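Dropping structure_31.cif in here (mmCIF, C-alpha atoms and all ligand atoms):
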data_start
loop_
_atom_site.label_atom_id
_atom_site.label_comp_id
_atom_site.auth_asym_id
_atom_site.auth_seq_id
_atom_site.Cartn_x
_atom_site.Cartn_y
_atom_site.Cartn_z
CA MET B 809 35.66 -19.35 3.31
CA ARG B 810 34.55 -16.24 5.19
CA MET B 811 31.03 -15.00 4.52
CA ASN B 812 32.27 -11.70 3.03
CA GLU B 813 34.18 -13.69 0.38
CA ARG B 814 30.98 -15.58 -0.45
CA LEU B 815 28.87 -12.44 -0.95
CA ILE B 816 29.83 -10.90 -4.31
CA VAL B 817 28.59 -7.33 -4.78
CA ALA B 818 27.67 -6.60 -8.42
CA LEU B 819 29.06 -3.18 -9.39
CA ASP B 820 26.70 -2.32 -12.24
CA TYR B 821 27.64 1.35 -12.70
CA PRO B 822 28.15 3.54 -15.78
CA VAL B 823 31.25 5.26 -14.38
CA TRP B 824 34.09 4.08 -12.11
CA PRO B 825 33.88 6.98 -9.57
CA ASP B 826 30.30 5.92 -8.62
CA ALA B 827 31.43 2.31 -8.22
CA ALA B 828 34.48 3.46 -6.20
CA LYS B 829 32.22 5.44 -3.88
CA LEU B 830 30.10 2.34 -3.20
CA VAL B 831 33.22 0.23 -2.62
CA GLY B 832 34.47 2.87 -0.17
CA SER B 833 31.17 2.74 1.71
CA LEU B 834 31.44 -1.05 2.21
CA PRO B 835 34.56 -1.59 4.34
CA ASP B 836 33.47 -5.16 5.22
CA ALA B 837 33.10 -6.24 1.58
CA SER B 838 35.96 -8.14 -0.05
CA HIS B 839 34.48 -9.56 -3.26
CA PHE B 840 33.08 -7.51 -6.17
CA LYS B 841 31.73 -8.29 -9.61
CA VAL B 842 32.68 -6.17 -12.62
CA GLY B 843 30.31 -6.70 -15.54
CA LEU B 844 30.16 -5.43 -19.10
CA GLU B 845 28.93 -1.93 -18.28
CA LEU B 846 31.59 -0.96 -15.75
CA TYR B 847 34.36 -2.84 -17.54
CA LEU B 848 33.69 -0.90 -20.75
CA ALA B 849 33.00 2.41 -19.00
CA SER B 850 36.30 2.21 -17.12
CA ARG B 851 38.27 0.72 -20.07
CA GLY B 852 39.17 -2.18 -17.79
CA GLU B 853 40.53 0.09 -15.04
CA ALA B 854 37.86 -1.08 -12.57
CA VAL B 855 39.57 -4.46 -12.23
CA ARG B 856 43.00 -2.93 -11.64
CA GLU B 857 41.60 -0.44 -9.11
CA LEU B 858 39.79 -3.14 -7.14
CA LYS B 859 42.86 -5.38 -7.13
CA SER B 860 45.00 -2.48 -5.89
CA MET B 861 42.54 -2.13 -2.97
CA GLY B 862 43.11 -5.81 -2.15
CA LYS B 863 39.63 -6.92 -3.28
CA ARG B 864 38.68 -10.15 -5.05
CA VAL B 865 37.21 -9.61 -8.52
CA PHE B 866 34.70 -11.67 -10.47
CA LEU B 867 35.06 -10.44 -14.06
CA ASP B 868 31.60 -11.21 -15.46
CA LEU B 869 32.00 -10.73 -19.21
CA LYS B 870 30.23 -13.99 -20.15
CA PHE B 871 32.26 -14.85 -23.25
CA HIS B 872 30.37 -16.65 -26.03
CA ASP B 873 32.15 -16.89 -29.40
CA ILE B 874 34.17 -19.35 -31.46
CA PRO B 875 36.80 -21.27 -29.43
CA GLN B 876 39.82 -19.35 -30.77
CA THR B 877 38.26 -15.96 -29.99
CA VAL B 878 37.14 -16.99 -26.52
CA ALA B 879 40.59 -18.45 -25.78
CA GLY B 880 42.16 -15.09 -26.64
CA ALA B 881 39.67 -13.21 -24.47
CA VAL B 882 40.17 -15.58 -21.53
CA GLY B 883 43.95 -15.12 -21.75
CA GLN B 884 43.47 -11.35 -21.49
CA ALA B 885 40.97 -11.73 -18.63
CA VAL B 886 43.55 -13.76 -16.70
CA LEU B 887 46.18 -11.06 -17.25
CA SER B 888 43.76 -8.44 -15.88
CA GLY B 889 44.20 -10.06 -12.47
CA ALA B 890 40.59 -11.23 -12.07
CA ASP B 891 40.00 -14.04 -9.58
CA MET B 892 36.94 -15.48 -11.33
CA ILE B 893 36.00 -15.33 -15.01
CA ASN B 894 33.14 -16.81 -17.01
CA VAL B 895 31.94 -18.02 -20.39
CA HIS B 896 28.50 -19.19 -21.59
CA ALA B 897 28.10 -22.98 -21.38
CA SER B 898 25.91 -22.78 -24.50
CA GLY B 899 29.10 -21.86 -26.43
CA GLY B 900 29.67 -25.63 -26.40
CA PRO B 901 32.36 -28.09 -25.30
CA ALA B 902 35.09 -27.05 -27.76
CA MET B 903 34.73 -23.44 -26.63
CA MET B 904 34.84 -24.36 -22.93
CA LYS B 905 37.88 -26.61 -23.41
CA ALA B 906 39.68 -23.86 -25.35
CA ALA B 907 38.85 -21.43 -22.53
CA LEU B 908 40.26 -23.80 -19.91
CA ALA B 909 43.47 -24.36 -21.88
CA ALA B 910 43.87 -20.59 -22.33
CA ARG B 911 43.27 -20.00 -18.62
CA ASP B 912 45.92 -22.57 -17.70
CA ARG B 913 48.46 -21.17 -20.18
CA ALA B 914 47.95 -17.54 -19.19
CA SER B 915 48.08 -18.22 -15.44
CA GLU B 916 51.31 -20.23 -15.44
CA GLY B 917 53.32 -19.19 -12.39
CA MET B 918 50.44 -17.29 -10.80
CA ALA B 919 47.17 -18.13 -9.00
CA LYS B 920 44.65 -19.60 -11.44
CA PRO B 921 41.34 -17.72 -11.58
CA LEU B 922 38.22 -19.86 -11.34
CA LEU B 923 36.65 -20.46 -14.74
CA ILE B 924 32.88 -20.66 -14.43
CA ALA B 925 30.16 -21.40 -17.02
CA VAL B 926 26.91 -19.46 -17.22
CA THR B 927 24.01 -21.92 -17.56
CA VAL B 928 20.66 -20.10 -17.93
CA LEU B 929 20.35 -16.40 -17.10
CA THR B 930 18.29 -15.91 -13.96
CA SER B 931 16.24 -13.29 -15.85
CA LEU B 932 14.80 -16.06 -18.09
CA ASP B 933 11.75 -18.07 -17.06
CA ASP B 934 10.20 -21.21 -18.60
CA THR B 935 8.41 -19.20 -21.30
CA ASP B 936 11.58 -17.34 -22.31
CA ILE B 937 13.67 -20.51 -22.39
CA LYS B 938 11.31 -21.99 -25.00
CA LEU B 939 11.44 -18.77 -27.03
CA VAL B 940 15.25 -18.97 -27.21
CA GLY B 941 15.12 -22.52 -28.53
CA PHE B 942 15.22 -24.95 -25.59
CA ALA B 943 11.82 -26.22 -26.73
CA ASP B 944 11.72 -29.39 -24.62
CA ALA B 945 12.99 -28.01 -21.34
CA THR B 946 12.13 -25.87 -18.35
CA ALA B 947 14.71 -23.25 -17.37
CA SER B 948 15.90 -25.56 -14.56
CA ASP B 949 16.23 -28.62 -16.84
CA ALA B 950 18.22 -26.58 -19.34
CA ALA B 951 20.47 -25.24 -16.58
CA VAL B 952 21.22 -28.71 -15.19
CA ARG B 953 21.92 -30.05 -18.68
CA LEU B 954 24.33 -27.17 -19.41
CA ALA B 955 26.01 -27.68 -16.02
CA GLU B 956 26.52 -31.37 -16.83
CA LEU B 957 28.25 -30.37 -20.05
CA SER B 958 30.39 -27.80 -18.20
CA LYS B 959 31.44 -30.27 -15.52
CA GLY B 960 32.32 -32.82 -18.21
CA CYS B 961 34.61 -30.28 -19.88
CA GLY B 962 36.43 -29.61 -16.59
CA MET B 963 34.97 -26.20 -15.71
CA ASP B 964 35.35 -25.16 -12.05
CA GLY B 965 31.65 -24.50 -11.59
CA VAL B 966 28.61 -22.71 -12.94
CA VAL B 967 26.52 -19.61 -12.53
CA CYS B 968 23.00 -20.84 -11.81
CA SER B 969 19.75 -19.86 -10.17
CA PRO B 970 19.37 -20.88 -6.52
CA HIS B 971 16.49 -23.09 -7.75
CA GLU B 972 19.02 -25.45 -9.31
CA ILE B 973 21.46 -25.69 -6.39
CA ARG B 974 19.96 -28.84 -4.94
CA PRO B 975 19.94 -30.98 -8.12
CA MET B 976 23.38 -29.64 -9.06
CA ARG B 977 24.90 -30.44 -5.66
CA GLN B 978 23.47 -33.95 -5.82
CA ARG B 979 24.88 -34.62 -9.26
CA PHE B 980 28.18 -32.75 -9.23
CA GLY B 981 29.39 -32.99 -5.61
CA LYS B 982 30.74 -30.39 -3.22
CA ASP B 983 33.82 -29.20 -5.16
CA PHE B 984 31.88 -27.89 -8.17
CA LYS B 985 31.41 -24.17 -7.48
CA LEU B 986 27.86 -22.81 -7.59
CA VAL B 987 27.68 -19.04 -8.07
CA CYS B 988 24.13 -17.72 -7.69
CA PRO B 989 22.67 -14.39 -8.76
CA GLY B 990 18.89 -13.91 -8.63
CA VAL B 991 19.06 -13.44 -4.86
CA ARG B 992 16.69 -11.00 -3.21
CA PRO B 993 16.32 -10.32 0.51
CA SER B 994 12.64 -10.18 1.50
CA TRP B 995 12.87 -6.39 1.98
CA SER B 996 13.99 -5.60 -1.58
CA GLU B 997 12.49 -5.25 -5.10
CA LYS B 998 12.77 -8.17 -7.56
CA GLY B 999 13.58 -5.86 -10.51
CA ASP B 1000 14.02 -7.89 -13.73
CA GLN B 1001 15.09 -11.08 -11.91
CA LYS B 1002 12.37 -13.71 -12.28
CA ARG B 1003 13.72 -16.79 -10.50
CA VAL B 1004 14.69 -15.38 -7.09
CA PHE B 1005 15.64 -16.82 -3.66
CA THR B 1006 16.47 -15.15 -0.33
CA PRO B 1007 20.14 -15.10 0.82
CA SER B 1008 19.34 -17.42 3.69
CA ASP B 1009 17.59 -20.00 1.48
CA ALA B 1010 20.30 -19.83 -1.21
CA MET B 1011 22.99 -20.56 1.39
CA GLY B 1012 20.83 -23.22 2.99
CA GLU B 1013 20.55 -24.98 -0.38
CA GLY B 1014 24.37 -24.98 -0.66
CA ALA B 1015 25.47 -22.00 -2.79
CA ASP B 1016 29.23 -21.31 -2.67
CA TYR B 1017 28.78 -17.68 -3.65
CA ILE B 1018 25.80 -15.38 -4.02
CA VAL B 1019 25.84 -12.32 -6.29
CA VAL B 1020 23.79 -9.32 -5.17
CA GLY B 1021 23.62 -5.98 -6.94
CA ARG B 1022 20.72 -3.55 -6.66
CA PRO B 1023 19.51 -4.51 -3.16
CA ILE B 1024 22.90 -3.16 -1.97
CA THR B 1025 23.92 -0.60 -4.60
CA ARG B 1026 20.50 1.11 -4.66
CA ALA B 1027 19.86 0.92 -0.92
CA GLU B 1028 19.61 4.16 1.02
CA ASP B 1029 22.23 2.74 3.39
CA PRO B 1030 24.34 0.24 1.40
CA LEU B 1031 26.44 -0.84 4.40
CA ALA B 1032 23.34 -1.65 6.45
CA ALA B 1033 21.93 -3.61 3.47
CA TYR B 1034 25.25 -5.47 3.02
CA ARG B 1035 25.42 -6.39 6.71
CA SER B 1036 21.82 -7.48 6.81
CA ILE B 1037 22.45 -9.83 3.83
CA ILE B 1038 25.56 -11.25 5.55
CA ARG B 1039 23.43 -11.96 8.65
CA GLU B 1040 20.81 -13.67 6.49
CA MET B 1041 23.52 -15.78 4.84
CA GLU B 1042 24.88 -16.79 8.24
CA ALA B 1043 21.39 -17.76 9.37
CA GLY B 1044 21.04 -19.94 6.25
CA THR B 1045 24.28 -21.85 6.85
CA ASP B 1046 23.89 -22.46 10.61
CA GLY B 1047 27.62 -21.86 11.07
CA ARG B 1048 28.58 -24.30 8.26
O1 LIG B 1101 21.06 -6.20 -9.26
P1 LIG B 1101 21.05 -7.70 -9.25
O2 LIG B 1101 21.19 -8.28 -7.85
O3 LIG B 1101 19.90 -8.29 -10.01
O4 LIG B 1101 22.40 -8.09 -10.02
C1 LIG B 1101 22.71 -9.40 -10.39
C2 LIG B 1101 23.97 -9.41 -11.18
O5 LIG B 1101 24.27 -10.76 -11.54
C3 LIG B 1101 23.92 -8.60 -12.46
O6 LIG B 1101 25.17 -7.95 -12.57
C4 LIG B 1101 23.77 -9.63 -13.56
O7 LIG B 1101 24.47 -9.28 -14.74
C5 LIG B 1101 24.43 -10.87 -12.95
N1 LIG B 1101 23.96 -12.14 -13.46
C6 LIG B 1101 22.64 -12.55 -13.40
N2 LIG B 1101 22.25 -13.77 -13.91
C7 LIG B 1101 23.16 -14.59 -14.44
C8 LIG B 1101 24.52 -14.19 -14.48
C9 LIG B 1101 24.87 -12.95 -13.97
O8 LIG B 1101 21.80 -11.84 -12.87
N3 LIG B 1101 22.79 -15.79 -14.86
#
Step by step, read the file and then write its structure as structure tokens.
Amino acid sequence: MRMNERLIVALDYPVWPDAAKLVGSLPDASHFKVGLELYLASRGEAVRELKSMGKRVFLDLKFHDIPQTVAGAVGQAVLSGADMINVHASGGPAMMKAALAARDRASEGMAKPLLIAVTVLTSLDDTDIKLVGFADATASDAAVRLAELSKGCGMDGVVCSPHEIRPMRQRFGKDFKLVCPGVRPSWSEKGDQKRVFTPSDAMGEGADYIVVGRPITRAEDPLAAYRSIIREMEAGTDGR
């Protein structure tokens, strides 16, 4: 996979024209993430627009509901043309299995989008994870446990912090996709992300994809920031 497919730019914008301007300023970028804000602001148009520009789209809506409801939402997400979609692993095995079945049904005769499970949000640290009810675990333990459940259900991979790449790779092998937000080049602000890694270290640990938003979207020169992150990723993989 080329490096520009492995760097996913998070388009967290309140209106599509601002996102479109950023996309236009990044001619090298081929993979974008549409989250709740932009999806709702654009009434779903953002996905169609990006697909019509030939871009890959990670539709990050993080479904978490009863199995029947999530299955319906996943079916619609597939029809939107997204290349990667996600649900929360903490929705449980029945929900993940229903999501997988819905993905397979809706994508019959077309390319199947990857279906990924969110483990623990990278904005949560060990104190937060206890507050939300994982009383006996650190954020990393909880993430690995949720990834185990996801893998057992047949999910294609997980969203996880770069801190968990190593134990996840060891346990789940090379085909289980690891998608990592919480990545910050040394020159950028951490913002609300608590468990961060540099692009080079995340790739060195074995991430398949890294997700980067503000260090690119809020940079004075987004293209220079994008290219510098690609160079850092290349340094981390040593040509792998
Ligand atoms: O701006 P920043 O680089 O922090 O953006 C990271 C993106 O990744 C955000 O769009 C956020 O919603 C998303 N994300 C995350 N942690 C997860 C899953 C998704 O930060 N566990």
Given 9 Å and all atoms listed in the file, residues near ligand LIG 1101 (chain B) as an MDAnalysis selection string = chainID B and resid 817:820 841:844 868:870 926:932 967:969 987:992 998:1001 1018:1026
Expected answer as number ranges by chain: all residues with atoms within 9 Å of (16.7, -25.0, 7.2), all atoms listed in the file | B: 1008-1009, 1012-1013, 1043-1046
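As for atom CA of Arg977 of chain B and atom CA of Val952 of chain B, they are spaced 10.4 Å apart.
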Closest of B:Ala945, B:Ala885, B:Val865, B:Leu954 to Ala914 of chain B - atom-to-atom distances counting only C-alpha atoms =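 Looking only at the distances to Ala914 of chain B, the closest residue turns out to be B:Ala885.
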Distance in Å - atom CA of Ala1015 of chain B versus atom CA of Leu986 of chain B | 5.4 Å
As a check of understanding: the span from atom CA of Phe984 of chain B to atom CA of Val882 of chain B is 20.0 Å
Of the candidates B:Gly965, B:Ser898, B:Ala909, B:Glu916, which one gets nearest to Gly941 of chain B if we count only C-alpha atoms?
->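 Ranked by minimum distance to Gly941 of chain B, first place goes to B:Ser898.
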Give as a PyMOL selection string every residue, naming chains and numbers as the document does, that has an atom within 10 Å of (36.6, -3.7, 1.7), counting all atoms listed in the file.
-> chain B and resi 812+831-840+858+861-864
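You can rank B:Asn894, B:Ser948, B:Ser958, B:Gln884 by their closest distance to Phe871 of chain B using all atoms listed in the file, and at the top of that list sits B:Asn894.
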Can you pull out the residues contacting Thr946 of chain B? Cut-off 8 Å, using all atoms listed in the file, and skip same-chain residues under 5 positions away; I want them as a short mmCIF file (atom, residue, chain, number, x, y, z; two decimals) with C-alpha atoms, in the frame of the given file.
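Output below, filename part-v3.cif:
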data_model
loop_
_atom_site.label_atom_id
_atom_site.label_comp_id
_atom_site.auth_asym_id
_atom_site.auth_seq_id
_atom_site.Cartn_x
_atom_site.Cartn_y
_atom_site.Cartn_z
CA ASP B 933 11.75 -18.07 -17.06
CA ASP B 934 10.20 -21.21 -18.60
CA ILE B 937 13.67 -20.51 -22.39
CA LYS B 938 11.31 -21.99 -25.00
#
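Nearest-residue note for Met1041 of chain B: choosing from B:Gly1014, B:Pro975, B:Pro1007, B:Gly960, the minimum distance belongs to B:Pro1007, counting all atoms listed in the file.
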Pick out the residues sitting within 9 Å of segment 849-855 of chain B, and hand them over as a PyMOL selection string; count only C-alpha atoms, and ignore anything fewer than 4 positions along from it in its own chain.
-> chain B and resi 821-824+827-828+842+844-845+859-860+865-867+888-890
Could you write those residues out with C-alpha atoms, as a short mmCIF file (atom, residue, chain, number, x, y, z; two decimals), in the coordinates of the input?
data_model
loop_
_atom_site.label_atom_id
_atom_site.label_comp_id
_atom_site.auth_asym_id
_atom_site.auth_seq_id
_atom_site.Cartn_x
_atom_site.Cartn_y
_atom_site.Cartn_z
CA TYR B 821 27.64 1.35 -12.70
CA PRO B 822 28.15 3.54 -15.78
CA VAL B 823 31.25 5.26 -14.38
CA TRP B 824 34.09 4.08 -12.11
CA ALA B 827 31.43 2.31 -8.22
CA ALA B 828 34.48 3.46 -6.20
CA VAL B 842 32.68 -6.17 -12.62
CA LEU B 844 30.16 -5.43 -19.10
CA GLU B 845 28.93 -1.93 -18.28
CA LYS B 859 42.86 -5.38 -7.13
CA SER B 860 45.00 -2.48 -5.89
CA VAL B 865 37.21 -9.61 -8.52
CA PHE B 866 34.70 -11.67 -10.47
CA LEU B 867 35.06 -10.44 -14.06
CA SER B 888 43.76 -8.44 -15.88
CA GLY B 889 44.20 -10.06 -12.47
CA ALA B 890 40.59 -11.23 -12.07
#
Please fill the gaps in segment 924-958 of chain B so it has N, CA and C atoms, and write that as a PDB file, in the frame of the given file.
ATOM      1  N   ILE B 924      34.257 -20.273 -14.744  1.00  0.00           N
ATOM      2  CA  ILE B 924      32.880 -20.660 -14.430  1.00  0.00           C
ATOM      3  C   ILE B 924      32.028 -20.556 -15.703  1.00  0.00           C
ATOM      4  N   ALA B 925      31.048 -21.445 -15.839  1.00  0.00           N
ATOM      5  CA  ALA B 925      30.160 -21.400 -17.020  1.00  0.00           C
ATOM      6  C   ALA B 925      28.793 -20.852 -16.624  1.00  0.00           C
ATOM      7  N   VAL B 926      28.272 -19.952 -17.435  1.00  0.00           N
ATOM      8  CA  VAL B 926      26.910 -19.460 -17.220  1.00  0.00           C
ATOM      9  C   VAL B 926      25.954 -20.489 -17.823  1.00  0.00           C
ATOM     10  N   THR B 927      24.973 -20.935 -17.048  1.00  0.00           N
ATOM     11  CA  THR B 927      24.010 -21.920 -17.560  1.00  0.00           C
ATOM     12  C   THR B 927      22.841 -21.165 -18.201  1.00  0.00           C
ATOM     13  N   VAL B 928      21.813 -20.846 -17.413  1.00  0.00           N
ATOM     14  CA  VAL B 928      20.660 -20.100 -17.930  1.00  0.00           C
ATOM     15  C   VAL B 928      20.552 -18.805 -17.123  1.00  0.00           C
ATOM     16  N   LEU B 929      20.458 -17.686 -17.801  1.00  0.00           N
ATOM     17  CA  LEU B 929      20.350 -16.400 -17.100  1.00  0.00           C
ATOM     18  C   LEU B 929      19.158 -16.429 -16.146  1.00  0.00           C
ATOM     19  N   THR B 930      19.372 -15.870 -14.958  1.00  0.00           N
ATOM     20  CA  THR B 930      18.290 -15.910 -13.960  1.00  0.00           C
ATOM     21  C   THR B 930      17.164 -14.947 -14.321  1.00  0.00           C
ATOM     22  N   SER B 931      17.336 -14.160 -15.387  1.00  0.00           N
ATOM     23  CA  SER B 931      16.240 -13.290 -15.850  1.00  0.00           C
ATOM     24  C   SER B 931      15.307 -14.036 -16.812  1.00  0.00           C
ATOM     25  N   LEU B 932      15.654 -15.284 -17.167  1.00  0.00           N
ATOM     26  CA  LEU B 932      14.800 -16.060 -18.090  1.00  0.00           C
ATOM     27  C   LEU B 932      13.909 -17.021 -17.308  1.00  0.00           C
ATOM     28  N   ASP B 933      12.632 -17.080 -17.683  1.00  0.00           N
ATOM     29  CA  ASP B 933      11.750 -18.070 -17.060  1.00  0.00           C
ATOM     30  C   ASP B 933      11.402 -19.160 -18.083  1.00  0.00           C
ATOM     31  N   ASP B 934      10.485 -20.063 -17.725  1.00  0.00           N
ATOM     32  CA  ASP B 934      10.200 -21.210 -18.600  1.00  0.00           C
ATOM     33  C   ASP B 934       9.666 -20.793 -19.964  1.00  0.00           C
ATOM     34  N   THR B 935       8.922 -19.677 -20.013  1.00  0.00           N
ATOM     35  CA  THR B 935       8.410 -19.200 -21.300  1.00  0.00           C
ATOM     36  C   THR B 935       9.567 -18.690 -22.157  1.00  0.00           C
ATOM     37  N   ASP B 936      10.445 -17.888 -21.557  1.00  0.00           N
ATOM     38  CA  ASP B 936      11.580 -17.340 -22.310  1.00  0.00           C
ATOM     39  C   ASP B 936      12.489 -18.454 -22.839  1.00  0.00           C
ATOM     40  N   ILE B 937      12.702 -19.469 -22.022  1.00  0.00           N
ATOM     41  CA  ILE B 937      13.670 -20.510 -22.390  1.00  0.00           C
ATOM     42  C   ILE B 937      13.182 -21.255 -23.649  1.00  0.00           C
ATOM     43  N   LYS B 938      11.860 -21.370 -23.784  1.00  0.00           N
ATOM     44  CA  LYS B 938      11.310 -21.990 -25.000  1.00  0.00           C
ATOM     45  C   LYS B 938      11.512 -21.045 -26.180  1.00  0.00           C
ATOM     46  N   LEU B 939      11.293 -19.750 -25.943  1.00  0.00           N
ATOM     47  CA  LEU B 939      11.440 -18.770 -27.030  1.00  0.00           C
ATOM     48  C   LEU B 939      12.870 -18.743 -27.574  1.00  0.00           C
ATOM     49  N   VAL B 940      13.867 -19.006 -26.708  1.00  0.00           N
ATOM     50  CA  VAL B 940      15.250 -18.970 -27.210  1.00  0.00           C
ATOM     51  C   VAL B 940      15.709 -20.328 -27.726  1.00  0.00           C
ATOM     52  N   GLY B 941      14.787 -21.298 -27.790  1.00  0.00           N
ATOM     53  CA  GLY B 941      15.120 -22.520 -28.530  1.00  0.00           C
ATOM     54  C   GLY B 941      15.284 -23.788 -27.716  1.00  0.00           C
ATOM     55  N   PHE B 942      15.166 -23.715 -26.384  1.00  0.00           N
ATOM     56  CA  PHE B 942      15.220 -24.950 -25.590  1.00  0.00           C
ATOM     57  C   PHE B 942      13.781 -25.468 -25.489  1.00  0.00           C
ATOM     58  N   ALA B 943      13.248 -25.962 -26.625  1.00  0.00           N
ATOM     59  CA  ALA B 943      11.820 -26.220 -26.730  1.00  0.00           C
ATOM     60  C   ALA B 943      11.327 -27.283 -25.754  1.00  0.00           C
ATOM     61  N   ASP B 944      12.177 -28.251 -25.420  1.00  0.00           N
ATOM     62  CA  ASP B 944      11.720 -29.390 -24.620  1.00  0.00           C
ATOM     63  C   ASP B 944      12.034 -29.249 -23.141  1.00  0.00           C
ATOM     64  N   ALA B 945      12.488 -28.073 -22.712  1.00  0.00           N
ATOM     65  CA  ALA B 945      12.990 -28.010 -21.340  1.00  0.00           C
ATOM     66  C   ALA B 945      12.418 -26.842 -20.556  1.00  0.00           C
ATOM     67  N   THR B 946      12.388 -27.011 -19.223  1.00  0.00           N
ATOM     68  CA  THR B 946      12.130 -25.870 -18.350  1.00  0.00           C
ATOM     69  C   THR B 946      13.484 -25.165 -18.178  1.00  0.00           C
ATOM     70  N   ALA B 947      13.457 -23.964 -17.596  1.00  0.00           N
ATOM     71  CA  ALA B 947      14.710 -23.250 -17.370  1.00  0.00           C
ATOM     72  C   ALA B 947      15.641 -24.085 -16.482  1.00  0.00           C
ATOM     73  N   SER B 948      15.073 -24.746 -15.471  1.00  0.00           N
ATOM     74  CA  SER B 948      15.900 -25.560 -14.560  1.00  0.00           C
ATOM     75  C   SER B 948      16.502 -26.773 -15.270  1.00  0.00           C
ATOM     76  N   ASP B 949      15.692 -27.453 -16.099  1.00  0.00           N
ATOM     77  CA  ASP B 949      16.230 -28.620 -16.840  1.00  0.00           C
ATOM     78  C   ASP B 949      17.385 -28.181 -17.728  1.00  0.00           C
ATOM     79  N   ALA B 950      17.177 -27.061 -18.425  1.00  0.00           N
ATOM     80  CA  ALA B 950      18.220 -26.580 -19.340  1.00  0.00           C
ATOM     81  C   ALA B 950      19.479 -26.230 -18.561  1.00  0.00           C
ATOM     82  N   ALA B 951      19.308 -25.626 -17.384  1.00  0.00           N
ATOM     83  CA  ALA B 951      20.470 -25.240 -16.580  1.00  0.00           C
ATOM     84  C   ALA B 951      21.251 -26.476 -16.123  1.00  0.00           C
ATOM     85  N   VAL B 952      20.529 -27.504 -15.681  1.00  0.00           N
ATOM     86  CA  VAL B 952      21.220 -28.710 -15.190  1.00  0.00           C
ATOM     87  C   VAL B 952      21.942 -29.400 -16.355  1.00  0.00           C
ATOM     88  N   ARG B 953      21.296 -29.420 -17.514  1.00  0.00           N
ATOM     89  CA  ARG B 953      21.920 -30.050 -18.680  1.00  0.00           C
ATOM     90  C   ARG B 953      23.210 -29.292 -19.071  1.00  0.00           C
ATOM     91  N   LEU B 954      23.137 -27.967 -19.062  1.00  0.00           N
ATOM     92  CA  LEU B 954      24.330 -27.170 -19.410  1.00  0.00           C
ATOM     93  C   LEU B 954      25.425 -27.317 -18.348  1.00  0.00           C
ATOM     94  N   ALA B 955      25.017 -27.484 -17.090  1.00  0.00           N
ATOM     95  CA  ALA B 955      26.010 -27.680 -16.020  1.00  0.00           C
ATOM     96  C   ALA B 955      26.713 -29.031 -16.185  1.00  0.00           C
ATOM     97  N   GLU B 956      25.952 -30.031 -16.597  1.00  0.00           N
ATOM     98  CA  GLU B 956      26.520 -31.370 -16.830  1.00  0.00           C
ATOM     99  C   GLU B 956      27.618 -31.285 -17.899  1.00  0.00           C
ATOM    100  N   LEU B 957      27.291 -30.555 -18.958  1.00  0.00           N
ATOM    101  CA  LEU B 957      28.250 -30.370 -20.050  1.00  0.00           C
ATOM    102  C   LEU B 957      29.496 -29.631 -19.530  1.00  0.00           C
ATOM    103  N   SER B 958      29.279 -28.604 -18.721  1.00  0.00           N
ATOM    104  CA  SER B 958      30.390 -27.800 -18.200  1.00  0.00           C
ATOM    105  C   SER B 958      31.301 -28.633 -17.309  1.00  0.00           C
TER     106      SER B 958
END
